[in-house]
$ cat model17.pdb   # PDB, C-alpha atoms
ATOM      1  CA  MET Q1346     -29.504  -5.908  21.194
ATOM      2  CA  PRO Q1347     -25.853  -4.987  20.518
ATOM      3  CA  PRO Q1348     -24.493  -6.121  17.142
ATOM      4  CA  ARG Q1349     -22.982  -9.572  17.187
ATOM      5  CA  ARG Q1350     -19.217  -9.482  16.829
ATOM      6  CA  PRO Q1351     -17.613 -11.959  14.417
ATOM      7  CA  GLY Q1352     -15.804 -14.894  15.967
ATOM      8  CA  ARG Q1353     -12.074 -15.286  16.012
ATOM      9  CA  TRP Q1354     -11.910 -17.999  13.370
ATOM     10  CA  PRO Q1355     -13.506 -15.965  10.538
ATOM     11  CA  VAL Q1356     -11.203 -13.048  11.306
ATOM     12  CA  LEU Q1357      -8.188 -15.357  11.408
ATOM     13  CA  LEU Q1358      -9.106 -16.966   8.107
ATOM     14  CA  ARG Q1359      -9.437 -13.570   6.433
ATOM     15  CA  THR Q1360      -6.132 -12.289   7.770
ATOM     16  CA  LEU Q1361      -4.131 -15.485   7.272
ATOM     17  CA  PRO Q1362      -3.556 -15.059   3.499
ATOM     18  CA  ALA Q1363      -2.060 -11.614   4.016
ATOM     19  CA  LEU Q1364       0.186 -12.838   6.830
ATOM     20  CA  LEU Q1365       1.411 -15.788   4.776
ATOM     21  CA  LEU Q1366       2.069 -13.690   1.677
ATOM     22  CA  VAL Q1367       3.910 -10.975   3.605
ATOM     23  CA  ALA Q1368       5.976 -13.604   5.434
ATOM     24  CA  LEU Q1369       6.774 -15.337   2.136
ATOM     25  CA  ALA Q1370       7.878 -12.062   0.552
ATOM     26  CA  ALA Q1371       9.952 -11.124   3.609
ATOM     27  CA  CYS Q1372      11.755 -14.473   3.748
ATOM     28  CA  GLY Q1373      11.706 -15.167   0.016
ATOM     29  CA  PRO Q1374      15.250 -13.985  -0.757
ATOM     30  CA  TRP Q1375      16.608 -16.606   1.658
ATOM     31  CA  TRP Q1376      14.578 -19.368   0.009
ATOM     32  CA  ALA Q1377      15.493 -18.542  -3.585
ATOM     33  CA  PRO Q1378      17.097 -21.659  -5.125
ATOM     34  CA  HIS Q1379      19.367 -19.630  -7.444
ATOM     35  CA  PRO Q1380      21.088 -16.217  -7.396
ATOM     36  CA  VAL Q1381      18.626 -13.687  -8.771
ATOM     37  CA  ALA Q1382      21.133 -12.186 -11.234
ATOM     38  CA  ALA Q1383      22.738 -15.413 -12.503
ATOM     39  CA  PRO Q1384      21.507 -17.065 -15.740
ATOM     40  CA  VAL Q1385      20.609 -20.707 -15.123
ATOM     41  CA  THR Q1386      18.779 -21.586 -18.337
ATOM     42  CA  ALA Q1387      18.083 -20.327 -21.851
ATOM     43  CA  PRO Q1388      16.241 -17.015 -22.282
ATOM     44  CA  TYR Q1389      12.486 -17.483 -21.905
ATOM     45  CA  ALA Q1390      12.976 -21.185 -21.313
ATOM     46  CA  GLN Q1391       9.875 -23.200 -20.449
ATOM     47  CA  PRO Q1392       9.517 -24.579 -16.882
ATOM     48  CA  GLY Q1393      11.812 -27.519 -16.387
ATOM     49  CA  ASP Q1394      14.468 -29.062 -14.181
ATOM     50  CA  GLY Q1395      16.065 -26.480 -11.909
ATOM     51  CA  ALA Q1396      13.639 -23.743 -13.003
ATOM     52  CA  PRO Q1397      10.039 -24.587 -11.985
ATOM     53  CA  LEU Q1398       8.728 -21.358 -13.569
ATOM     54  CA  GLY Q1399      11.213 -21.251 -16.416
ATOM     55  CA  GLY Q1400      13.632 -18.469 -17.309
ATOM     56  CA  ASP Q1401      13.285 -14.757 -17.993
ATOM     57  CA  GLN Q1402      14.681 -12.689 -20.867
ATOM     58  CA  LEU Q1403      18.257 -13.324 -19.694
ATOM     59  CA  GLY Q1404      17.763 -16.936 -18.625
ATOM     60  CA  ARG Q1405      17.514 -16.120 -14.911
ATOM     61  CA  ASP Q1406      15.304 -18.291 -12.711
ATOM     62  CA  VAL Q1407      11.823 -16.751 -12.556
ATOM     63  CA  LEU Q1408      10.985 -18.484  -9.270
ATOM     64  CA  SER Q1409      14.096 -17.101  -7.552
ATOM     65  CA  ARG Q1410      13.361 -13.594  -8.776
ATOM     66  CA  LEU Q1411       9.713 -13.960  -7.753
ATOM     67  CA  LEU Q1412      10.693 -14.972  -4.210
ATOM     68  CA  ALA Q1413      13.164 -12.091  -3.927
ATOM     69  CA  GLY Q1414      11.058  -9.441  -5.649
ATOM     70  CA  GLY Q1415       8.335  -8.707  -3.094
ATOM     71  CA  ARG Q1416      10.240  -7.537  -0.032
ATOM     72  CA  GLU Q1417      10.919  -3.991  -1.176
ATOM     73  CA  LEU Q1418       7.473  -3.584  -2.730
ATOM     74  CA  ILE Q1419       5.752  -4.610   0.505
ATOM     75  CA  GLY Q1420       8.079  -2.548   2.693
ATOM     76  CA  THR Q1421       7.660   0.558   0.565
ATOM     77  CA  SER Q1422       3.885   0.141   0.332
ATOM     78  CA  LEU Q1423       3.568  -0.348   4.095
ATOM     79  CA  LEU Q1424       5.623   2.773   4.751
ATOM     80  CA  VAL Q1425       3.557   4.797   2.278
ATOM     81  CA  ALA Q1426       0.280   3.527   3.764
ATOM     82  CA  VAL Q1427       1.389   4.378   7.305
ATOM     83  CA  LEU Q1428       2.557   7.868   6.317
ATOM     84  CA  VAL Q1429      -0.552   8.627   4.270
ATOM     85  CA  THR Q1430      -2.909   7.372   6.984
ATOM     86  CA  GLY Q1431      -1.039   9.230   9.729
ATOM     87  CA  VAL Q1432      -0.818  12.544   7.869
ATOM     88  CA  ALA Q1433      -4.431  12.312   6.717
ATOM     89  CA  ALA Q1434      -5.615  11.498  10.235
ATOM     90  CA  VAL Q1435      -3.917  14.561  11.728
ATOM     91  CA  LEU Q1436      -5.044  16.873   8.925
ATOM     92  CA  GLY Q1437      -8.578  15.465   9.078
ATOM     93  CA  ALA Q1438      -8.778  16.029  12.828
ATOM     94  CA  VAL Q1439      -7.473  19.582  12.466
ATOM     95  CA  SER Q1440      -9.987  20.216   9.681
ATOM     96  CA  ALA Q1441     -12.857  19.105  11.890
ATOM     97  CA  LEU Q1442     -11.694  21.174  14.859
ATOM     98  CA  ARG Q1443     -10.774  24.291  12.857
ATOM     99  CA  PRO Q1444     -13.258  24.691   9.971
ATOM    100  CA  ALA Q1445     -11.352  27.638   8.455
ATOM    101  CA  VAL Q1446      -8.178  25.569   8.245
ATOM    102  CA  GLY Q1447     -10.217  22.629   7.022
ATOM    103  CA  ALA Q1448     -11.558  24.625   4.096
ATOM    104  CA  LEU Q1449      -8.000  25.486   3.036
ATOM    105  CA  ILE Q1450      -6.893  21.848   3.365
ATOM    106  CA  GLU Q1451      -9.827  20.690   1.246
ATOM    107  CA  ARG Q1452      -9.016  23.208  -1.497
ATOM    108  CA  LEU Q1453      -5.397  22.034  -1.593
ATOM    109  CA  ALA Q1454      -6.576  18.423  -1.674
ATOM    110  CA  ASP Q1455      -8.878  19.207  -4.600
ATOM    111  CA  VAL Q1456      -5.966  20.668  -6.550
ATOM    112  CA  LEU Q1457      -3.679  17.711  -5.874
ATOM    113  CA  MET Q1458      -6.416  15.231  -6.791
ATOM    114  CA  LEU Q1459      -6.436  16.684 -10.307
ATOM    115  CA  LEU Q1460      -2.865  15.486 -10.828
ATOM    116  CA  PRO Q1461      -2.759  12.027 -12.491
ATOM    117  CA  ALA Q1462      -0.773   9.486 -10.513
ATOM    118  CA  VAL Q1463       1.616   8.572 -13.329
ATOM    119  CA  LEU Q1464       2.287  12.227 -14.122
ATOM    120  CA  GLY Q1465       2.941  12.937 -10.455
ATOM    121  CA  ILE Q1466       5.463  10.109 -10.234
ATOM    122  CA  LEU Q1467       7.275  11.305 -13.338
ATOM    123  CA  LEU Q1468       7.347  14.929 -12.139
ATOM    124  CA  VAL Q1469       8.911  13.940  -8.808
ATOM    125  CA  ALA Q1470      11.362  11.540 -10.458
ATOM    126  CA  LEU Q1471      12.495  14.093 -13.054
ATOM    127  CA  SER Q1472      12.902  16.847 -10.486
ATOM    128  CA  TRP Q1473      14.730  14.474  -8.109
ATOM    129  CA  PRO Q1474      16.895  12.312 -10.406
ATOM    130  CA  ASP Q1475      18.893  10.672  -7.608
ATOM    131  CA  GLY Q1476      15.930  10.160  -5.304
ATOM    132  CA  GLY Q1477      15.335   6.534  -6.277
ATOM    133  CA  ARG Q1478      12.922   4.758  -3.955
ATOM    134  CA  LEU Q1479      12.779   7.794  -1.667
ATOM    135  CA  ALA Q1480      11.394   9.835  -4.568
ATOM    136  CA  VAL Q1481       8.750   7.156  -5.153
ATOM    137  CA  ILE Q1482       7.755   7.249  -1.465
ATOM    138  CA  VAL Q1483       7.457  11.049  -1.498
ATOM    139  CA  ALA Q1484       5.375  10.969  -4.686
ATOM    140  CA  ALA Q1485       3.099   8.222  -3.346
ATOM    141  CA  VAL Q1486       2.502  10.088  -0.084
ATOM    142  CA  VAL Q1487       1.801  13.400  -1.838
ATOM    143  CA  LEU Q1488      -0.618  11.711  -4.235
ATOM    144  CA  GLY Q1489      -2.305   9.594  -1.548
ATOM    145  CA  VAL Q1490      -2.946  12.147   1.188
ATOM    146  CA  PRO Q1491      -5.572  14.228  -0.724
ATOM    147  CA  TYR Q1492      -7.864  11.204  -1.075
ATOM    148  CA  ALA Q1493      -7.332   9.985   2.481
ATOM    149  CA  VAL Q1494      -7.728  13.379   4.156
ATOM    150  CA  ARG Q1495     -11.322  13.669   2.973
ATOM    151  CA  LEU Q1496     -12.188  10.338   4.556
ATOM    152  CA  ALA Q1497     -10.407  11.274   7.768
ATOM    153  CA  ALA Q1498     -12.092  14.681   7.948
ATOM    154  CA  GLY Q1499     -15.513  13.121   7.429
ATOM    155  CA  ALA Q1500     -14.875  10.611  10.212
ATOM    156  CA  ALA Q1501     -13.520  13.309  12.565
ATOM    157  CA  ALA Q1502     -16.407  15.730  12.060
ATOM    158  CA  PRO Q1503     -18.929  14.040  14.402
ATOM    159  CA  ILE Q1504     -16.219  13.375  16.985
ATOM    160  CA  ALA Q1505     -15.230  17.067  17.034
ATOM    161  CA  THR Q1506     -18.754  17.977  18.172
ATOM    162  CA  ALA Q1507     -18.959  15.289  20.870
ATOM    163  CA  GLY Q1508     -19.402  16.230  24.502
ATOM    164  CA  HIS Q1509     -15.956  15.159  25.669
ATOM    165  CA  VAL Q1510     -14.311  17.335  23.008
ATOM    166  CA  GLU Q1511     -16.443  20.349  23.921
ATOM    167  CA  ALA Q1512     -15.568  19.787  27.575
ATOM    168  CA  ALA Q1513     -11.864  19.746  26.707
ATOM    169  CA  VAL Q1514     -12.246  22.966  24.708
ATOM    170  CA  ALA Q1515     -14.071  24.604  27.625
ATOM    171  CA  GLY Q1516     -11.234  23.480  29.868
ATOM    172  CA  GLY Q1517      -8.740  25.424  27.767
ATOM    173  CA  GLU Q1518      -6.992  22.493  26.072
ATOM    174  CA  GLY Q1519      -4.937  23.354  22.984
ATOM    175  CA  LEU Q1520      -5.285  22.046  19.447
ATOM    176  CA  ALA Q1521      -2.527  19.452  19.847
ATOM    177  CA  HIS Q1522      -4.210  17.960  22.904
ATOM    178  CA  LEU Q1523      -7.590  17.872  21.169
ATOM    179  CA  VAL Q1524      -6.152  16.113  18.126
ATOM    180  CA  VAL Q1525      -3.964  13.566  19.924
ATOM    181  CA  ARG Q1526      -6.010  12.837  23.039
ATOM    182  CA  GLU Q1527      -9.629  13.502  22.094
ATOM    183  CA  VAL Q1528     -10.167  12.919  18.358
ATOM    184  CA  LEU Q1529      -7.611  10.433  17.014
ATOM    185  CA  PRO Q1530      -8.208   7.704  19.665
ATOM    186  CA  ASN Q1531     -11.875   7.657  18.629
ATOM    187  CA  MET Q1532     -10.972   7.235  14.944
ATOM    188  CA  ARG Q1533      -9.124   3.929  15.315
ATOM    189  CA  ALA Q1534     -11.760   1.861  13.527
ATOM    190  CA  THR Q1535     -11.974   4.200  10.552
ATOM    191  CA  LEU Q1536      -8.206   4.625  10.304
ATOM    192  CA  LEU Q1537      -7.627   0.870  10.261
ATOM    193  CA  ALA Q1538     -10.048   0.429   7.378
ATOM    194  CA  LEU Q1539      -8.518   3.464   5.669
ATOM    195  CA  PHE Q1540      -5.046   1.967   6.077
ATOM    196  CA  GLY Q1541      -6.149  -1.112   4.118
ATOM    197  CA  LEU Q1542      -7.417   1.038   1.265
ATOM    198  CA  ARG Q1543      -4.279   3.158   1.169
ATOM    199  CA  PHE Q1544      -2.042   0.081   1.219
ATOM    200  CA  VAL Q1545      -3.784  -1.255  -1.890
ATOM    201  CA  ALA Q1546      -3.392   2.127  -3.590
ATOM    202  CA  ALA Q1547       0.273   2.258  -2.531
ATOM    203  CA  VAL Q1548       0.952  -1.202  -3.957
ATOM    204  CA  TYR Q1549      -0.373  -0.220  -7.354
ATOM    205  CA  LEU Q1550       1.337   3.176  -7.290
ATOM    206  CA  VAL Q1551       4.726   1.761  -6.272
ATOM    207  CA  ALA Q1552       4.323  -1.059  -8.790
ATOM    208  CA  THR Q1553       3.520   1.499 -11.498
ATOM    209  CA  ALA Q1554       6.652   3.446 -10.609
ATOM    210  CA  SER Q1555       8.733   0.270 -10.791
ATOM    211  CA  PHE Q1556       7.149  -0.606 -14.138
ATOM    212  CA  LEU Q1557       8.235   2.827 -15.385
ATOM    213  CA  GLN Q1558      11.722   2.115 -13.970
ATOM    214  CA  VAL Q1559      11.385   4.888 -11.396
ATOM    215  CA  GLY Q1560      12.917   3.287  -8.321
ATOM    216  CA  PRO Q1561      14.439  -0.190  -8.668
ATOM    217  CA  GLN Q1562      16.727  -0.543 -11.664
ATOM    218  CA  PRO Q1563      17.847  -3.695 -13.491
ATOM    219  CA  PRO Q1564      19.145  -6.204 -12.534
ATOM    220  CA  ALA Q1565      17.203  -5.800  -9.266
ATOM    221  CA  ALA Q1566      14.483  -8.371  -8.625
ATOM    222  CA  ASP Q1567      11.160  -6.540  -8.414
ATOM    223  CA  TRP Q1568       7.715  -7.859  -9.321
ATOM    224  CA  ALA Q1569       6.674  -4.852 -11.417
ATOM    225  CA  LEU Q1570      10.089  -4.651 -13.048
ATOM    226  CA  MET Q1571       9.802  -8.349 -13.951
ATOM    227  CA  ILE Q1572       6.546  -7.628 -15.800
ATOM    228  CA  ARG Q1573       8.149  -4.826 -17.799
ATOM    229  CA  GLU Q1574      11.307  -6.766 -18.625
ATOM    230  CA  ASN Q1575       9.555  -9.939 -19.764
ATOM    231  CA  ALA Q1576       6.493  -8.512 -21.532
ATOM    232  CA  ALA Q1577       8.090  -9.094 -24.944
ATOM    233  CA  GLY Q1578       8.448 -12.830 -24.276
ATOM    234  CA  ILE Q1579       5.059 -13.523 -22.713
ATOM    235  CA  LEU Q1580       4.204 -16.011 -25.459
ATOM    236  CA  LEU Q1581       7.480 -17.894 -24.949
ATOM    237  CA  ASN Q1582       7.307 -18.200 -21.152
ATOM    238  CA  PRO Q1583       4.087 -16.679 -19.774
ATOM    239  CA  TRP Q1584       5.125 -17.388 -16.163
ATOM    240  CA  ALA Q1585       7.761 -14.647 -16.300
ATOM    241  CA  VAL Q1586       4.891 -12.119 -16.535
ATOM    242  CA  VAL Q1587       1.912 -13.968 -15.080
ATOM    243  CA  ALA Q1588       3.590 -15.002 -11.797
ATOM    244  CA  PRO Q1589       4.573 -11.470 -10.632
ATOM    245  CA  SER Q1590       1.206 -10.121 -11.840
ATOM    246  CA  ILE Q1591      -0.639 -12.677  -9.710
ATOM    247  CA  ALA Q1592       1.628 -11.894  -6.746
ATOM    248  CA  ILE Q1593       0.833  -8.164  -6.914
ATOM    249  CA  GLY Q1594      -2.901  -8.808  -7.211
ATOM    250  CA  LEU Q1595      -2.959 -11.316  -4.344
ATOM    251  CA  LEU Q1596      -0.935  -8.977  -2.141
ATOM    252  CA  ALA Q1597      -3.332  -6.070  -2.645
ATOM    253  CA  MET Q1598      -6.478  -8.151  -2.170
ATOM    254  CA  SER Q1599      -5.271 -10.125   0.849
ATOM    255  CA  VAL Q1600      -4.028  -7.109   2.807
ATOM    256  CA  ASN Q1601      -7.197  -5.153   2.101
ATOM    257  CA  LEU Q1602      -9.288  -8.157   3.165
ATOM    258  CA  ALA Q1603      -7.276  -8.428   6.384
ATOM    259  CA  ALA Q1604      -7.679  -4.727   7.190
ATOM    260  CA  VAL Q1605     -11.435  -4.916   6.655
ATOM    261  CA  ALA Q1606     -11.665  -8.027   8.829
ATOM    262  CA  LEU Q1607      -9.723  -6.392  11.671
ATOM    263  CA  ALA Q1608     -11.608  -3.080  11.523
ATOM    264  CA  PRO Q1609     -14.742  -2.871  13.693
ATOM    265  CA  PRO Q1610     -18.038  -2.515  11.794
ATOM    266  CA  ALA Q1611     -18.171   1.214  12.578
ATOM    267  CA  GLY Q1612     -14.902   1.795  10.739
ATOM    268  CA  ARG Q1613     -15.969  -0.191   7.692
ATOM    269  CA  LYS Q1614     -19.293   1.679   7.504
ATOM    270  CA  ALA Q1615     -17.566   5.063   7.841
ATOM    271  CA  VAL Q1616     -15.114   4.388   5.021
ATOM    272  CA  THR Q1617     -17.835   2.893   2.790
ATOM    273  CA  ALA Q1618     -20.192   5.795   3.417
ATOM    274  CA  LEU Q1619     -17.518   8.341   2.619
TER     275      LEU Q1619
END
$ encode --input "model17.pdb" --output "structure tokens"
Amino acid sequence: MPPRRPGRWPVLLRTLPALLLVALAACGPWWAPHPVAAPVTAPYAQPGDGAPLGGDQLGRDVLSRLLAGGRELIGTSLLVAVLVTGVAAVLGAVSALRPAVGALIERLADVLMLLPAVLGILLVALSWPDGGRLAVIVAAVVLGVPYAVRLAAGAAAPIATAGHVEAAVAGGEGLAHLVVREVLPNMRATLLALFGLRFVAAVYLVATASFLQVGPQPPAADWALMIRENAAGILLNPWAVVAPSIAIGLLAMSVNLAAVALAPPAGRKAVTAL
């Protein structure tokens, strides 16, 4: 008997938290009750009238900054996840179709995987002082592709030896045709699950860069930057640190849960096995 596919309601329930959180972060700046850079209370004030989550180190409304601080993080992480998944998919397909090229790609990936994420971010930021968020995106893509390309190559390997691919090779089709028309369409399930994993990694990498003040600079509202700025006053108003920390964790978990729910079982098994 063919495997039973999950119903629509379980899938919807598992994707709904991610949709709601992304929508809240996207529309949050419009819902902020106060300007994100304007002091409205005493520094590290406890939650009270006009400031449901209290104030930060400069007396700015934590809730307003929380609502406005997720848009750029989510946008940057989505872009990084798409770029990493796309580049890894193409390189993985090429590796499976051209073993000699694949061996070279794997060696380069091994070298890049030795570079710690934080060190990689700092190297790119120091060599590209005016890069800002673009420098963070480049660093995140460079650091994310080596891990993803191994998964993509492993998923592409059995497809490259399938009958329809061999028939296309016998028909004289070029490498570009084989990658785009024969291999990648049959990797959709794996790539969707891989996208969820890379989005989670991108969230933490971009948040780490923001925490190190590589990217957004004060007084910008950014969840990771809020944690760094208010760490000294966590005992005075814990919400200034706890709220953005919870938001980052929920974002990573909910999007990964949604990607796993949307991916067919074959894609989830391929990513887990690799």
$ closest_residue --input "model17.pdb" --among "Q:Val1487, Q:Ala1569, Q:Val1481, Q:Ala1497" --to "Asn1531 (chain Q)" --atoms "all atoms listed in the file"
Q:Ala1497
$ closest_residue --input "model17.pdb" --among "Q:Ala1413, Q:Ala1390, Q:Leu1357, Q:Leu1536" --to "Met1571 (chain Q)" --atoms "all atoms listed in the file"
Q:Ala1413
$ resolve_selection --input "model17.pdb" --expression "the PyMOL selection byres ((chain Q and resi 1411) around 8)" --output "MDAnalysis selection string"
chainID Q and resid 1407:1410 1412:1415 1566:1568 1588:1589
$ write_last_selection --input "model17.pdb" --atoms "C-alpha atoms" --output "tab-separated table (two decimals), in the frame of the given file"
chain	number	residue	atom	x	y	z
Q	1407	VAL	CA	11.82	-16.75	-12.56
Q	1408	LEU	CA	10.98	-18.48	-9.27
Q	1409	SER	CA	14.10	-17.10	-7.55
Q	1410	ARG	CA	13.36	-13.59	-8.78
Q	1412	LEU	CA	10.69	-14.97	-4.21
Q	1413	ALA	CA	13.16	-12.09	-3.93
Q	1414	GLY	CA	11.06	-9.44	-5.65
Q	1415	GLY	CA	8.34	-8.71	-3.09
Q	1566	ALA	CA	14.48	-8.37	-8.62
Q	1567	ASP	CA	11.16	-6.54	-8.41
Q	1568	TRP	CA	7.72	-7.86	-9.32
Q	1588	ALA	CA	3.59	-15.00	-11.80
Q	1589	PRO	CA	4.57	-11.47	-10.63
$ closest_residue --input "model17.pdb" --among "Q:Val1559, Q:Leu1595, Q:Leu1581, Q:Val1385" --to "Ala1470 (chain Q)" --atoms "all atoms listed in the file"
Q:Val1559
$ closest_atom_pairs --input "model17.pdb" --of "region 1541-1614 of chain Q" --to "region 1423-1444 of chain Q" --cutoff "7 Å" --atoms "all atoms listed in the file" --output "CSV"
residue,atom,partner,partner_atom,distance
Q:Arg1543,CA,Q:Ala1426,CA,5.3
Q:Phe1544,CA,Q:Ala1426,CA,4.9
Q:Ala1547,CA,Q:Val1425,CA,6.4
$ resolve_selection --input "model17.pdb" --expression "the PyMOL selection byres ((chain Q and resi 1467) around 10)" --output "CSV table (one decimal) with C-alpha atoms, in the coordinates of the input"
chain,number,residue,atom,x,y,z
Q,1462,ALA,CA,-0.8,9.5,-10.5
Q,1463,VAL,CA,1.6,8.6,-13.3
Q,1464,LEU,CA,2.3,12.2,-14.1
Q,1465,GLY,CA,2.9,12.9,-10.5
Q,1466,ILE,CA,5.5,10.1,-10.2
Q,1468,LEU,CA,7.3,14.9,-12.1
Q,1469,VAL,CA,8.9,13.9,-8.8
Q,1470,ALA,CA,11.4,11.5,-10.5
Q,1471,LEU,CA,12.5,14.1,-13.1
Q,1472,SER,CA,12.9,16.8,-10.5
Q,1473,TRP,CA,14.7,14.5,-8.1
Q,1480,ALA,CA,11.4,9.8,-4.6
Q,1481,VAL,CA,8.8,7.2,-5.2
Q,1484,ALA,CA,5.4,11.0,-4.7
Q,1554,ALA,CA,6.7,3.4,-10.6
Q,1557,LEU,CA,8.2,2.8,-15.4
Q,1559,VAL,CA,11.4,4.9,-11.4
$ atom_distance --input "model17.pdb" --atom1 "CA of Leu1460 (chain Q)" --atom2 "CA of Leu1596 (chain Q)"
26.0 Å
$ closest_residue --input "model17.pdb" --among "Q:Ile1419, Q:Ala1383, Q:Leu1537, Q:Ala1448" --to "Ala1565 (chain Q)" --atoms "all atoms listed in the file"
Q:Ala1383
